[in-house]
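Coordinates from target_6.txt are shown below (compact mmCIF, C-alpha atoms and all ligand atoms).
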```
# COMPACT_ATOMS: atom_id res chain seq x y z
CA MET A 206 -185.84 -27.82 -75.69
CA ALA A 207 -182.28 -28.95 -76.24
CA PHE A 208 -180.25 -27.59 -79.11
CA THR A 209 -178.49 -29.93 -81.48
CA ILE A 210 -174.89 -29.72 -82.63
CA ALA A 211 -176.15 -28.34 -85.95
CA ASP A 212 -177.38 -25.23 -84.05
CA ALA A 213 -173.84 -24.40 -82.90
CA PRO A 214 -171.73 -21.92 -84.89
CA GLU A 215 -169.26 -23.39 -87.35
CA PHE A 216 -165.60 -23.15 -86.46
CA GLU A 217 -162.98 -22.98 -89.17
CA LEU A 218 -159.42 -22.04 -88.42
CA ASP A 219 -157.41 -21.98 -91.60
CA GLY A 220 -154.15 -20.62 -90.30
CA THR A 221 -154.51 -17.20 -91.92
CA ARG A 222 -156.06 -15.51 -88.90
CA GLU A 223 -153.64 -13.24 -87.13
CA ASP A 224 -155.38 -13.36 -83.77
CA VAL A 225 -156.72 -16.79 -82.99
CA HIS A 226 -157.83 -15.66 -79.52
CA ALA A 227 -160.03 -12.94 -81.03
CA TYR A 228 -161.63 -15.62 -83.22
CA PHE A 229 -162.34 -17.84 -80.23
CA ARG A 230 -163.79 -14.85 -78.36
CA GLU A 231 -166.08 -14.07 -81.29
CA ILE A 232 -167.38 -17.65 -81.39
CA ARG A 233 -167.62 -17.94 -77.59
CA GLU A 234 -169.79 -14.85 -77.48
CA LYS A 235 -172.25 -16.51 -79.90
CA ALA A 236 -172.54 -19.90 -78.18
CA PRO A 237 -170.86 -22.08 -75.53
CA ILE A 238 -169.87 -24.70 -78.11
CA ALA A 239 -168.84 -24.70 -81.77
CA ARG A 240 -168.74 -27.40 -84.42
CA THR A 241 -166.25 -28.09 -87.16
CA ARG A 242 -167.40 -28.86 -90.70
CA ILE A 243 -166.97 -32.59 -90.05
CA GLY A 244 -169.05 -32.55 -86.87
CA HIS A 245 -166.42 -32.31 -84.13
CA VAL A 246 -167.60 -30.34 -81.13
CA LEU A 247 -165.44 -27.74 -79.39
CA ALA A 248 -166.46 -26.93 -75.82
CA LEU A 249 -165.36 -23.34 -75.27
CA ARG A 250 -165.96 -22.44 -71.65
CA HIS A 251 -163.85 -22.89 -68.53
CA ARG A 252 -166.76 -24.67 -66.87
CA HIS A 253 -166.48 -27.34 -69.57
CA LEU A 254 -163.06 -28.55 -68.42
CA ASP A 255 -164.64 -31.35 -66.43
CA LEU A 256 -165.83 -32.95 -69.68
CA ILE A 257 -162.35 -34.48 -69.96
CA THR A 258 -162.96 -36.50 -66.84
CA ARG A 259 -166.72 -37.01 -66.70
CA ASP A 260 -168.07 -40.49 -67.21
CA VAL A 261 -169.58 -39.50 -70.56
CA THR A 262 -166.41 -39.18 -72.64
CA ARG A 263 -163.41 -41.40 -73.16
CA GLN A 264 -159.95 -40.96 -74.55
CA ILE A 265 -159.67 -41.43 -78.31
CA GLU A 266 -157.63 -44.59 -78.95
CA THR A 267 -156.32 -45.54 -82.39
CA GLU A 268 -159.28 -43.98 -84.25
CA THR A 269 -157.43 -40.84 -85.29
CA LYS A 270 -154.62 -42.83 -86.84
CA MET A 271 -157.07 -45.21 -88.55
CA MET A 272 -158.87 -42.21 -90.06
CA GLN A 273 -155.52 -41.36 -91.65
CA GLY A 274 -155.25 -44.91 -93.00
CA ILE A 275 -152.60 -45.92 -90.45
CA THR A 276 -153.79 -49.32 -89.28
CA SER A 277 -150.49 -51.10 -88.59
CA GLY A 278 -146.77 -50.42 -88.40
CA PRO A 279 -144.56 -48.53 -85.91
CA ILE A 280 -146.75 -45.40 -85.60
CA TYR A 281 -149.88 -47.47 -85.05
CA ASP A 282 -148.08 -49.66 -82.49
CA PHE A 283 -146.77 -46.61 -80.66
CA ILE A 284 -150.32 -45.27 -80.26
CA ALA A 285 -151.86 -48.68 -79.51
CA ASN A 286 -149.36 -49.50 -76.73
CA GLY A 287 -149.03 -46.10 -75.05
CA MET A 288 -150.84 -44.71 -72.01
CA LEU A 289 -152.03 -41.47 -73.60
CA PHE A 290 -154.43 -43.05 -76.09
CA ALA A 291 -155.71 -45.77 -73.76
CA ASN A 292 -158.69 -46.14 -71.48
CA GLY A 293 -159.65 -48.04 -68.36
CA ASP A 294 -157.51 -50.93 -67.24
CA ALA A 295 -154.97 -50.68 -70.08
CA HIS A 296 -154.37 -47.05 -69.19
CA LEU A 297 -154.00 -47.78 -65.47
CA ARG A 298 -151.57 -50.66 -66.04
CA ARG A 299 -149.38 -48.59 -68.34
CA ARG A 300 -149.40 -45.42 -66.28
CA ALA A 301 -148.86 -46.99 -62.81
CA PRO A 302 -145.14 -47.86 -63.08
CA VAL A 303 -144.40 -44.49 -64.69
CA SER A 304 -146.27 -42.40 -62.14
CA ARG A 305 -144.65 -44.36 -59.31
CA THR A 306 -141.10 -43.80 -60.55
CA PHE A 307 -141.28 -40.57 -62.60
CA ALA A 308 -142.28 -38.89 -59.37
CA PHE A 309 -142.56 -35.23 -58.43
CA LYS A 310 -139.47 -35.48 -56.15
CA LEU A 311 -137.29 -36.82 -58.95
CA MET A 312 -138.52 -34.16 -61.36
CA ASP A 313 -138.04 -31.32 -58.95
CA ALA A 314 -134.52 -32.58 -58.28
CA MET A 315 -133.81 -31.85 -61.97
CA ARG A 316 -134.12 -28.10 -61.28
CA PRO A 317 -130.41 -27.50 -60.64
CA LYS A 318 -129.54 -29.47 -63.78
CA ALA A 319 -131.99 -27.49 -65.88
CA ALA A 320 -130.61 -24.26 -64.42
CA ALA A 321 -127.01 -25.31 -65.15
CA LEU A 322 -127.83 -26.43 -68.69
CA ALA A 323 -129.71 -23.20 -69.44
CA ALA A 324 -126.86 -21.14 -67.99
CA GLU A 325 -124.36 -22.98 -70.21
CA LEU A 326 -126.44 -22.58 -73.38
CA VAL A 327 -127.22 -18.91 -72.74
CA SER A 328 -123.69 -17.88 -71.63
CA GLU A 329 -122.15 -19.29 -74.80
CA ARG A 330 -124.44 -17.07 -76.87
CA ILE A 331 -124.33 -13.72 -75.07
CA GLY A 332 -123.35 -10.90 -77.40
CA ARG A 333 -123.44 -13.16 -80.47
CA GLY A 334 -126.38 -11.38 -82.13
CA PRO A 335 -129.62 -13.11 -83.20
CA ILE A 336 -129.82 -16.84 -82.52
CA ASP A 337 -132.38 -19.49 -83.45
CA PHE A 338 -134.04 -19.70 -80.03
CA VAL A 339 -136.34 -22.58 -80.99
CA ASN A 340 -133.60 -25.03 -81.92
CA GLU A 341 -130.59 -23.74 -80.03
CA ILE A 342 -132.30 -23.35 -76.66
CA ALA A 343 -135.96 -24.38 -76.41
CA ALA A 344 -135.56 -27.77 -78.13
CA GLN A 345 -132.31 -28.52 -76.29
CA ILE A 346 -133.59 -28.14 -72.73
CA PRO A 347 -136.30 -30.86 -72.67
CA ALA A 348 -134.31 -33.24 -74.89
CA ARG A 349 -131.07 -33.01 -72.91
CA ILE A 350 -132.80 -33.18 -69.54
CA ILE A 351 -134.78 -36.29 -70.43
CA ALA A 352 -131.56 -37.76 -71.89
CA ASP A 353 -129.92 -37.10 -68.52
CA ILE A 354 -132.80 -38.71 -66.63
CA LEU A 355 -132.52 -41.78 -68.87
CA GLY A 356 -128.73 -41.90 -68.51
CA ILE A 357 -128.07 -41.44 -72.22
CA PRO A 358 -124.36 -40.88 -72.98
CA ARG A 359 -123.46 -37.43 -74.29
CA ALA A 360 -122.07 -38.94 -77.48
CA ASP A 361 -125.52 -40.29 -78.36
CA LEU A 362 -127.24 -36.90 -77.95
CA PRO A 363 -127.17 -35.83 -81.62
CA VAL A 364 -128.86 -39.01 -82.85
CA PHE A 365 -131.27 -39.00 -79.89
CA MET A 366 -132.30 -35.43 -80.71
CA GLN A 367 -132.70 -36.29 -84.36
CA TRP A 368 -135.07 -39.15 -83.48
CA ILE A 369 -137.14 -36.79 -81.33
CA ALA A 370 -137.36 -34.27 -84.17
CA ASP A 371 -138.32 -37.00 -86.65
CA THR A 372 -140.89 -38.82 -84.53
CA ALA A 373 -142.64 -36.27 -82.28
CA GLU A 374 -145.31 -35.93 -84.96
CA ALA A 375 -146.41 -39.52 -84.23
CA LEU A 376 -148.50 -38.16 -81.33
CA GLY A 377 -150.57 -35.87 -83.52
CA PHE A 378 -151.80 -35.47 -87.04
CA ILE A 379 -149.35 -37.16 -89.43
CA ASP A 380 -148.18 -35.56 -92.64
CA LEU A 381 -148.56 -38.77 -94.66
CA GLU A 382 -145.69 -37.81 -96.94
CA ARG A 383 -143.47 -38.03 -93.89
CA ARG A 384 -144.84 -41.36 -92.69
CA ALA A 385 -141.95 -43.50 -93.98
CA LYS A 386 -139.36 -41.21 -92.46
CA ILE A 387 -141.16 -41.07 -89.09
CA GLU A 388 -141.51 -44.85 -89.04
CA LYS A 389 -137.88 -45.48 -89.93
CA SER A 390 -136.73 -43.25 -87.07
CA LEU A 391 -139.29 -44.75 -84.70
CA VAL A 392 -137.93 -48.25 -85.36
CA ASN A 393 -134.39 -47.08 -84.51
CA PHE A 394 -135.61 -45.11 -81.51
CA ASN A 395 -137.50 -48.18 -80.21
CA ALA A 396 -134.41 -50.37 -80.59
CA TYR A 397 -132.29 -47.84 -78.73
CA VAL A 398 -134.76 -47.63 -75.80
CA GLU A 399 -135.06 -51.43 -75.80
CA ASN A 400 -131.28 -51.59 -75.34
CA LEU A 401 -131.35 -49.09 -72.48
CA LEU A 402 -133.96 -51.24 -70.75
CA MET A 403 -131.99 -54.45 -71.30
CA GLU A 404 -128.88 -52.81 -69.97
CA ARG A 405 -130.67 -51.71 -66.76
CA ARG A 406 -132.10 -55.18 -66.28
CA ALA A 407 -128.57 -56.61 -66.46
CA HIS A 408 -126.87 -53.82 -64.48
CA PRO A 409 -129.31 -51.84 -62.35
CA ARG A 410 -128.20 -48.38 -61.22
CA GLU A 411 -129.59 -45.80 -58.85
CA ASP A 412 -131.67 -44.08 -61.49
CA PHE A 413 -135.15 -43.63 -62.89
CA LEU A 414 -134.88 -46.27 -65.60
CA SER A 415 -133.68 -48.95 -63.16
CA ASP A 416 -136.58 -48.09 -60.83
CA TYR A 417 -138.97 -48.23 -63.76
CA VAL A 418 -137.65 -51.61 -64.90
CA ARG A 419 -138.03 -52.88 -61.34
CA ALA A 420 -141.60 -51.54 -61.10
CA THR A 421 -142.61 -53.23 -64.33
CA ALA A 422 -141.00 -56.51 -63.24
CA THR A 423 -142.94 -56.50 -59.96
CA ASP A 424 -146.21 -55.74 -61.67
CA GLY A 425 -145.59 -58.32 -64.39
CA VAL A 426 -148.62 -57.12 -66.30
CA LEU A 427 -147.09 -55.21 -69.19
CA THR A 428 -145.81 -56.61 -72.48
CA GLU A 429 -142.31 -55.70 -73.66
CA ASP A 430 -143.85 -53.39 -76.26
CA GLU A 431 -145.84 -51.60 -73.57
CA ILE A 432 -142.82 -51.26 -71.26
CA ARG A 433 -140.77 -49.68 -74.03
CA THR A 434 -143.56 -47.52 -75.46
CA GLN A 435 -144.14 -45.68 -72.15
CA ILE A 436 -140.50 -44.53 -72.22
CA VAL A 437 -140.60 -43.41 -75.86
CA GLY A 438 -143.94 -41.74 -75.04
CA LEU A 439 -142.45 -39.82 -72.11
CA ILE A 440 -139.67 -38.51 -74.33
CA LEU A 441 -142.00 -37.40 -77.12
CA ALA A 442 -144.82 -36.02 -74.94
CA GLY A 443 -142.37 -33.70 -73.21
CA SER A 444 -140.57 -32.38 -76.30
CA ASP A 445 -142.72 -30.22 -78.60
CA THR A 446 -144.91 -29.12 -75.70
CA THR A 447 -142.10 -27.78 -73.54
CA ARG A 448 -140.19 -26.35 -76.49
CA GLY A 449 -143.14 -24.33 -77.82
CA SER A 450 -144.27 -23.21 -74.36
CA LEU A 451 -140.83 -21.91 -73.47
CA CYS A 452 -140.70 -19.89 -76.68
CA MET A 453 -144.10 -18.31 -76.23
CA ILE A 454 -143.64 -17.45 -72.55
CA LEU A 455 -140.31 -15.75 -73.26
CA ALA A 456 -141.67 -13.92 -76.32
CA HIS A 457 -144.60 -12.51 -74.33
CA LEU A 458 -142.34 -11.48 -71.46
CA LEU A 459 -139.78 -9.77 -73.70
CA THR A 460 -142.38 -7.77 -75.56
CA ARG A 461 -143.78 -6.27 -72.34
CA PRO A 462 -140.95 -4.14 -70.96
CA ASP A 463 -142.61 -3.51 -67.58
CA GLN A 464 -143.20 -7.22 -66.94
CA TRP A 465 -139.73 -8.19 -68.16
CA ALA A 466 -138.18 -5.52 -65.91
CA ALA A 467 -140.12 -6.87 -62.92
CA PHE A 468 -139.21 -10.44 -63.81
CA ARG A 469 -135.50 -9.86 -64.21
CA ALA A 470 -135.40 -7.92 -60.92
CA ASN A 471 -136.71 -10.97 -59.10
CA PRO A 472 -136.80 -14.08 -61.29
CA ASP A 473 -136.98 -16.59 -58.46
CA ALA A 474 -140.07 -15.02 -56.94
CA LEU A 475 -141.80 -14.54 -60.30
CA LYS A 476 -140.84 -17.61 -62.34
CA ARG A 477 -143.87 -19.65 -61.27
CA GLY A 478 -146.27 -16.80 -62.09
CA ALA A 479 -144.59 -16.13 -65.43
CA VAL A 480 -144.90 -19.77 -66.49
CA ASP A 481 -148.50 -20.07 -65.28
CA GLU A 482 -149.46 -16.95 -67.19
CA GLY A 483 -147.58 -17.83 -70.38
CA LEU A 484 -149.16 -21.28 -70.44
CA ARG A 485 -152.59 -19.69 -70.06
CA TYR A 486 -152.18 -16.77 -72.40
CA ASP A 487 -150.78 -18.49 -75.49
CA PRO A 488 -150.90 -22.26 -75.03
CA VAL A 489 -149.26 -24.75 -77.37
CA ILE A 490 -152.10 -27.18 -76.72
CA SER A 491 -155.34 -25.80 -78.05
CA GLY A 492 -157.69 -28.64 -77.22
CA ILE A 493 -157.93 -31.89 -75.33
CA PRO A 494 -159.88 -34.33 -77.47
CA ARG A 495 -162.27 -37.00 -76.28
CA ILE A 496 -165.11 -39.02 -77.75
CA ALA A 497 -168.63 -39.16 -76.28
CA PHE A 498 -169.75 -42.66 -75.32
CA LYS A 499 -173.06 -41.72 -73.68
CA PRO A 500 -175.62 -39.10 -74.66
CA PHE A 501 -175.22 -35.93 -72.59
CA GLU A 502 -175.69 -32.18 -72.83
CA ILE A 503 -173.32 -29.26 -72.84
CA ASP A 504 -175.22 -26.13 -71.78
CA GLY A 505 -178.42 -27.39 -73.43
CA TYR A 506 -176.76 -28.79 -76.59
CA ALA A 507 -177.44 -32.51 -77.00
CA ILE A 508 -174.29 -34.51 -77.72
CA PRO A 509 -174.93 -37.98 -79.13
CA PRO A 510 -172.60 -40.94 -78.41
CA GLY A 511 -169.77 -41.23 -80.93
CA THR A 512 -169.28 -37.45 -81.23
CA PRO A 513 -165.67 -36.26 -81.00
CA VAL A 514 -165.64 -33.52 -78.34
CA SER A 515 -162.59 -31.34 -77.68
CA VAL A 516 -162.33 -29.16 -74.65
CA ALA A 517 -160.79 -26.05 -76.19
CA VAL A 518 -158.43 -25.11 -73.34
CA ILE A 519 -157.16 -22.23 -75.48
CA SER A 520 -160.64 -20.69 -75.24
CA ALA A 521 -161.39 -21.84 -71.66
CA MET A 522 -158.24 -20.09 -70.43
CA ARG A 523 -159.50 -16.76 -71.83
CA ASP A 524 -162.96 -17.17 -70.34
CA PRO A 525 -163.96 -13.99 -68.48
CA GLU A 526 -166.09 -16.13 -66.15
CA ALA A 527 -162.84 -17.64 -64.80
CA TYR A 528 -160.15 -14.96 -65.23
CA SER A 529 -160.40 -11.23 -64.74
CA GLU A 530 -159.37 -9.31 -67.86
CA PRO A 531 -158.48 -12.57 -69.59
CA ASP A 532 -156.87 -10.87 -72.60
CA ARG A 533 -154.28 -9.18 -70.41
CA PHE A 534 -150.90 -10.93 -69.94
CA ASP A 535 -150.04 -10.53 -66.29
CA ILE A 536 -147.39 -12.53 -64.47
CA PHE A 537 -148.81 -11.22 -61.17
CA ARG A 538 -152.24 -12.73 -61.82
CA THR A 539 -153.77 -14.36 -58.75
CA ASP A 540 -156.78 -16.09 -60.29
CA HIS A 541 -155.11 -19.16 -61.79
CA PRO A 542 -156.97 -22.29 -60.71
CA LYS A 543 -155.06 -24.70 -58.46
CA TRP A 544 -154.70 -27.21 -61.30
CA HIS A 545 -153.53 -25.45 -64.45
CA PRO A 546 -155.88 -26.53 -67.29
CA ILE A 547 -153.02 -26.77 -69.79
CA PHE A 548 -151.88 -30.05 -68.21
CA GLY A 549 -155.30 -31.70 -68.59
CA GLY A 550 -157.15 -33.42 -65.76
CA GLY A 551 -158.18 -36.68 -64.18
CA ALA A 552 -156.63 -40.01 -65.05
CA HIS A 553 -154.62 -38.62 -67.98
CA ARG A 554 -153.33 -35.45 -66.30
CA CYS A 555 -149.80 -34.80 -67.52
CA VAL A 556 -147.17 -36.90 -65.73
CA GLY A 557 -144.43 -34.47 -66.77
CA GLU A 558 -145.88 -31.26 -65.30
CA ALA A 559 -143.28 -30.89 -62.54
CA LEU A 560 -140.44 -31.52 -64.97
CA ALA A 561 -141.82 -29.14 -67.59
CA ARG A 562 -142.27 -26.43 -64.96
CA ALA A 563 -138.75 -26.93 -63.61
CA GLU A 564 -137.27 -26.69 -67.12
CA MET A 565 -139.23 -23.61 -68.16
CA GLU A 566 -138.87 -21.74 -64.88
CA GLU A 567 -135.14 -22.34 -64.59
CA THR A 568 -134.46 -21.43 -68.22
CA LEU A 569 -136.37 -18.15 -67.96
CA ALA A 570 -134.64 -17.33 -64.67
CA ALA A 571 -131.21 -18.08 -66.18
CA ILE A 572 -131.90 -15.76 -69.13
CA ALA A 573 -133.06 -12.98 -66.80
CA ARG A 574 -129.99 -13.34 -64.59
CA LEU A 575 -127.30 -13.79 -67.23
CA ALA A 576 -128.69 -11.77 -70.12
CA PRO A 577 -131.10 -9.15 -68.72
CA ALA A 578 -130.97 -7.03 -71.90
CA THR A 579 -132.14 -9.92 -74.08
CA ALA A 580 -134.45 -8.87 -76.91
CA LEU A 581 -136.72 -10.57 -79.39
CA VAL A 582 -135.40 -10.05 -82.93
CA GLY A 583 -137.72 -9.91 -85.92
CA ALA A 584 -141.25 -11.20 -86.03
CA PHE A 585 -143.18 -12.43 -83.01
CA PRO A 586 -143.23 -16.26 -83.18
CA ARG A 587 -146.37 -17.81 -84.64
CA LEU A 588 -148.03 -21.00 -83.49
CA ALA A 589 -149.47 -23.11 -86.29
CA PRO A 590 -153.13 -24.13 -85.84
CA GLY A 591 -153.78 -27.66 -84.59
CA PRO A 592 -154.30 -29.61 -81.36
CA ILE A 593 -150.56 -29.24 -80.60
CA ARG A 594 -149.61 -25.83 -82.00
CA GLN A 595 -146.08 -26.06 -83.38
CA VAL A 596 -143.93 -23.01 -82.86
CA GLY A 597 -142.45 -21.34 -85.94
CA ARG A 598 -139.22 -19.36 -86.08
CA MET A 599 -138.10 -17.23 -83.15
CA GLU A 600 -134.87 -15.29 -82.89
CA VAL A 601 -133.49 -13.57 -79.83
CA ALA A 602 -130.27 -11.73 -79.07
CA PHE A 603 -128.86 -12.47 -75.61
CA ALA A 604 -127.25 -9.43 -74.02
C1 LIG A 701 -145.47 -27.43 -71.17
C2 LIG A 701 -145.30 -28.71 -71.32
C3 LIG A 701 -146.40 -29.73 -71.32
C4 LIG A 701 -147.74 -29.60 -71.54
C5 LIG A 701 -148.50 -28.32 -71.87
C6 LIG A 701 -148.34 -30.91 -71.42
C7 LIG A 701 -149.69 -31.18 -71.53
C8 LIG A 701 -150.27 -32.42 -71.36
C9 LIG A 701 -151.69 -32.70 -71.42
C10 LIG A 701 -152.79 -31.69 -71.72
C11 LIG A 701 -151.85 -34.03 -71.21
C12 LIG A 701 -153.20 -34.79 -71.15
C13 LIG A 701 -153.70 -35.14 -72.53
C14 LIG A 701 -155.06 -35.78 -72.50
O1 LIG A 701 -155.70 -35.88 -71.44
O2 LIG A 701 -155.51 -36.20 -73.58
C15 LIG A 701 -150.55 -34.61 -71.04
C16 LIG A 701 -150.32 -35.93 -70.82
C17 LIG A 701 -149.06 -36.49 -70.75
N1 LIG A 701 -147.86 -35.80 -70.65
FE1 LIG A 701 -147.61 -33.80 -70.76
N2 LIG A 701 -147.35 -31.81 -71.13
C18 LIG A 701 -146.17 -31.13 -71.04
C19 LIG A 701 -144.93 -31.67 -70.73
C20 LIG A 701 -144.68 -33.01 -70.50
C21 LIG A 701 -143.40 -33.57 -70.14
C22 LIG A 701 -142.12 -32.77 -69.91
C23 LIG A 701 -143.57 -34.93 -70.09
C24 LIG A 701 -142.58 -36.02 -69.77
C25 LIG A 701 -141.28 -35.91 -69.78
C26 LIG A 701 -144.95 -35.21 -70.39
C27 LIG A 701 -145.50 -36.46 -70.44
C28 LIG A 701 -146.84 -36.73 -70.57
C29 LIG A 701 -147.41 -38.07 -70.61
C30 LIG A 701 -146.64 -39.38 -70.57
C31 LIG A 701 -148.79 -37.91 -70.71
C32 LIG A 701 -149.83 -39.03 -70.79
C33 LIG A 701 -150.50 -39.21 -69.45
C34 LIG A 701 -151.63 -40.21 -69.50
O3 LIG A 701 -152.20 -40.44 -70.57
O4 LIG A 701 -151.96 -40.78 -68.44
N3 LIG A 701 -145.59 -34.02 -70.64
N4 LIG A 701 -149.60 -33.61 -71.10
```
What does the file become when written as C-alpha cells?
Ligand code: HEM
Amino acid sequence: MAFTIADAPEFELDGTREDVHAYFREIREKAPIARTRIGHVLALRHRHLDLITRDVTRQIETETKMMQGITSGPIYDFIANGMLFANGDAHLRRRAPVSRTFAFKLMDAMRPKAAALAAELVSERIGRGPIDFVNEIAAQIPARIIADILGIPRADLPVFMQWIADTAEALGFIDLERRAKIEKSLVNFNAYVENLLMERRAHPREDFLSDYVRATATDGVLTEDEIRTQIVGLILAGSDTTRGSLCMILAHLLTRPDQWAAFRANPDALKRGAVDEGLRYDPVISGIPRIAFKPFEIDGYAIPPGTPVSVAVISAMRDPEAYSEPDRFDIFRTDHPKWHPIFGGGAHRCVGEALARAEMEETLAAIARLAPATALVGAFPRLAPGPIRQVGRMEVAFA
C-alpha cells in the first residue's frame, strides 16, 4: 500500500538550527521524503535527482510570484518572459539563442580574465587586515566578468553592480517591503540592457552580445521583452549563486589546514576538486523546485498532481548511498557524479556552469598563489535558509 504525503515527517527549518545538514540527516533517516506545513514535498535522496527531468513534474512558472500577490509589473514580467520559469516550447525558444552563443568555449576563454581580476583584487588587499570578502571579492568577480562579456564600460560598473544587488531577489522569494525598490531598479536595468542590444544591432562587434542579437534575429521567434529578459536573467542567475559558493568553498578550505596546505601547494591540479567538493558540501542552492502534473510515486509515497515537489540537492549531496563518508569535506574525493547535481539537470541545467567554475577555480587559485597565509577572521559565514541560501558576513585577511 502506498503512503500518502501526510505520512511523511514534517520539515521545518526556522533559521535557528546551527547544523542544517544534521537536520536533513535526521529527517532522511526517518523517510525518503519530507513535507512542509503547507504541503510541499522535499525529495531527500540522491536517487531522486531525476525527478527534475522526469515527465511527471514541470517547472514552476509565475505561480510563486502570484502566491505573493505579484501578478503584474516588472518582477512579474521578468519571471513570465525568462527561460528559467518556463516550460516546453517557450523554454526552448528562449534558451536556444543563449545556449548557442553563451557557449562553453566562450566561457572557458574567460579563465585568464577571471584569474587576472582575482589577482588584482587580492593583491591590492594583501596585508591590509580583515576585509569584507563577500562584497569586496566574491560579489565583484561574477559581476565584473559578466560586465566584461557584455562589453559594459568600466565607468558604468558601479551602477550595474547596484542594479544586480537591488534586483537579484527577483528570482526568489520577494521581501514585499522591498518590492518597489526592486522594481524601480529592474526598470532601469531593463532600459540599460535594451540600449546595449540596440547598440549591437546598429554596430555589431566580435562579441557575445552581437552573436546573441544575430541568433535572435535569425530565429525571429522571440519578442523584444523575451530577448532582453534572457540577458538580464543571465546576469542575475550568475550573481548570488557564484558569490555565495565562492565564499563557502574558501571558508571550508581555510578552516581545514591540511586541505588548504595541499591546495596551495598545487592549486591548478586541485582547483576542480576543491570547487566540486565545496559545491557539494555546503551548497547555496538547497532545492530545485518543480510541480507535479501527473500522479506518481516517490519510494512508495503517492504524489498527486498539483503538489509542489523540491528535490533537496542539499540533502541528496550528503546521501551515503551516493558518496562515501558524505559528511567529510575532501577535495580529493573521487565519487562525484559526472554531472554535478548543484547545476540541476535536463532542459534547465545551468547554462552558466562553465563560467561559474572558471570564476571560482581561478579566484581560489589566485588566493592560494598570492596570499598562501590567508585566514578566515571571526565567525564562519552562515547561509540563510531558503531555496537560494544567501551568504552572510565573511571576513578574511589576505597574507
Ligand atoms: C555556482 C554558481 C551557480 C549555480 C550553483 C547555479 C545553479 C543553477 C541551477 C540549479 C539551475 C537550474 C534551476 C532549475 O532547474 O530550476 C540553473 C539554471 C540557470 N543558470 Fe545557473 N548556477 C550558477 C551560476 C550561473 C551563472 C554564472 C550563470 C550565467 C552567467 C547562470 C545562468 C543560469 C541560467 C540562465 C539558468 C536557467 C537555465 C534554464 O532554465 O534553461 N548560472 N543554475
Separation of CA of Met271 in chain A from CA of Val225 in chain A, in Å and rounded to one decimal |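 Atom-to-atom, CA of Met271 in chain A and CA of Val225 in chain A are spaced 29.0 Å apart.
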At most 7 Å from ligand LIG 701 (chain A) (all atoms listed in the file): residue list as a PyMOL selection string = chain A and resi 257+264+288-290+296+300+347+351+435+438-440+442-444+446-447+450+489-490+493-494+547-550+552-558+560-561
Nearest to His545 in chain A, chosen from A:Val480, A:Val426, A:Ala517, A:Ala580, with all atoms listed in the file counted in the distances =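 That would be A:Val480, the residue with the smallest distance to His545 in chain A.
In terms of minimum interatomic distance to Gln595 in chain A, A:Arg448 ranks closest within A:Arg538, A:Arg384, A:His408, A:Arg448, counting all atoms listed in the file.
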Taking into account all atoms listed in the file, which residue in the set A:Gly377, A:Glu567, A:Leu401, A:Leu362 is nearest to Arg594 in chain A?
->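 Once distances to Arg594 in chain A are computed over all atoms listed in the file, the minimum belongs to A:Gly377.
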Atom pair CA of Arg495 in chain A + CA of Ile238 in chain A, distance 14.6 Å
Please identify all polymer residues within 6 Å of Thr512 in chain A, counting all atoms listed in the file, omitting same-chain residues fewer than 2 positions from it, and present them as an mmCIF file with C-alpha atoms, in the frame of the given file.
```
data_model
loop_
_atom_site.group_PDB
_atom_site.id
_atom_site.type_symbol
_atom_site.label_atom_id
_atom_site.label_comp_id
_atom_site.auth_asym_id
_atom_site.auth_seq_id
_atom_site.Cartn_x
_atom_site.Cartn_y
_atom_site.Cartn_z
ATOM 1 C CA ILE A 496 -165.110 -39.020 -77.750
ATOM 2 C CA ALA A 497 -168.630 -39.160 -76.280
ATOM 3 C CA PRO A 510 -172.600 -40.940 -78.410
#
```
Just how far from CA of Gln367 in chain A is CA of Pro335 in chain A, in Å to one decimal?
->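 Pair CA of Pro335 in chain A / CA of Gln367 in chain A returns 23.4 Å.
Of the residues listed (A:His251, A:Arg485, A:Lys270, A:Arg333), A:Arg333 shows the shortest atom-to-atom separation from Ala602 in chain A; distances use all atoms listed in the file.
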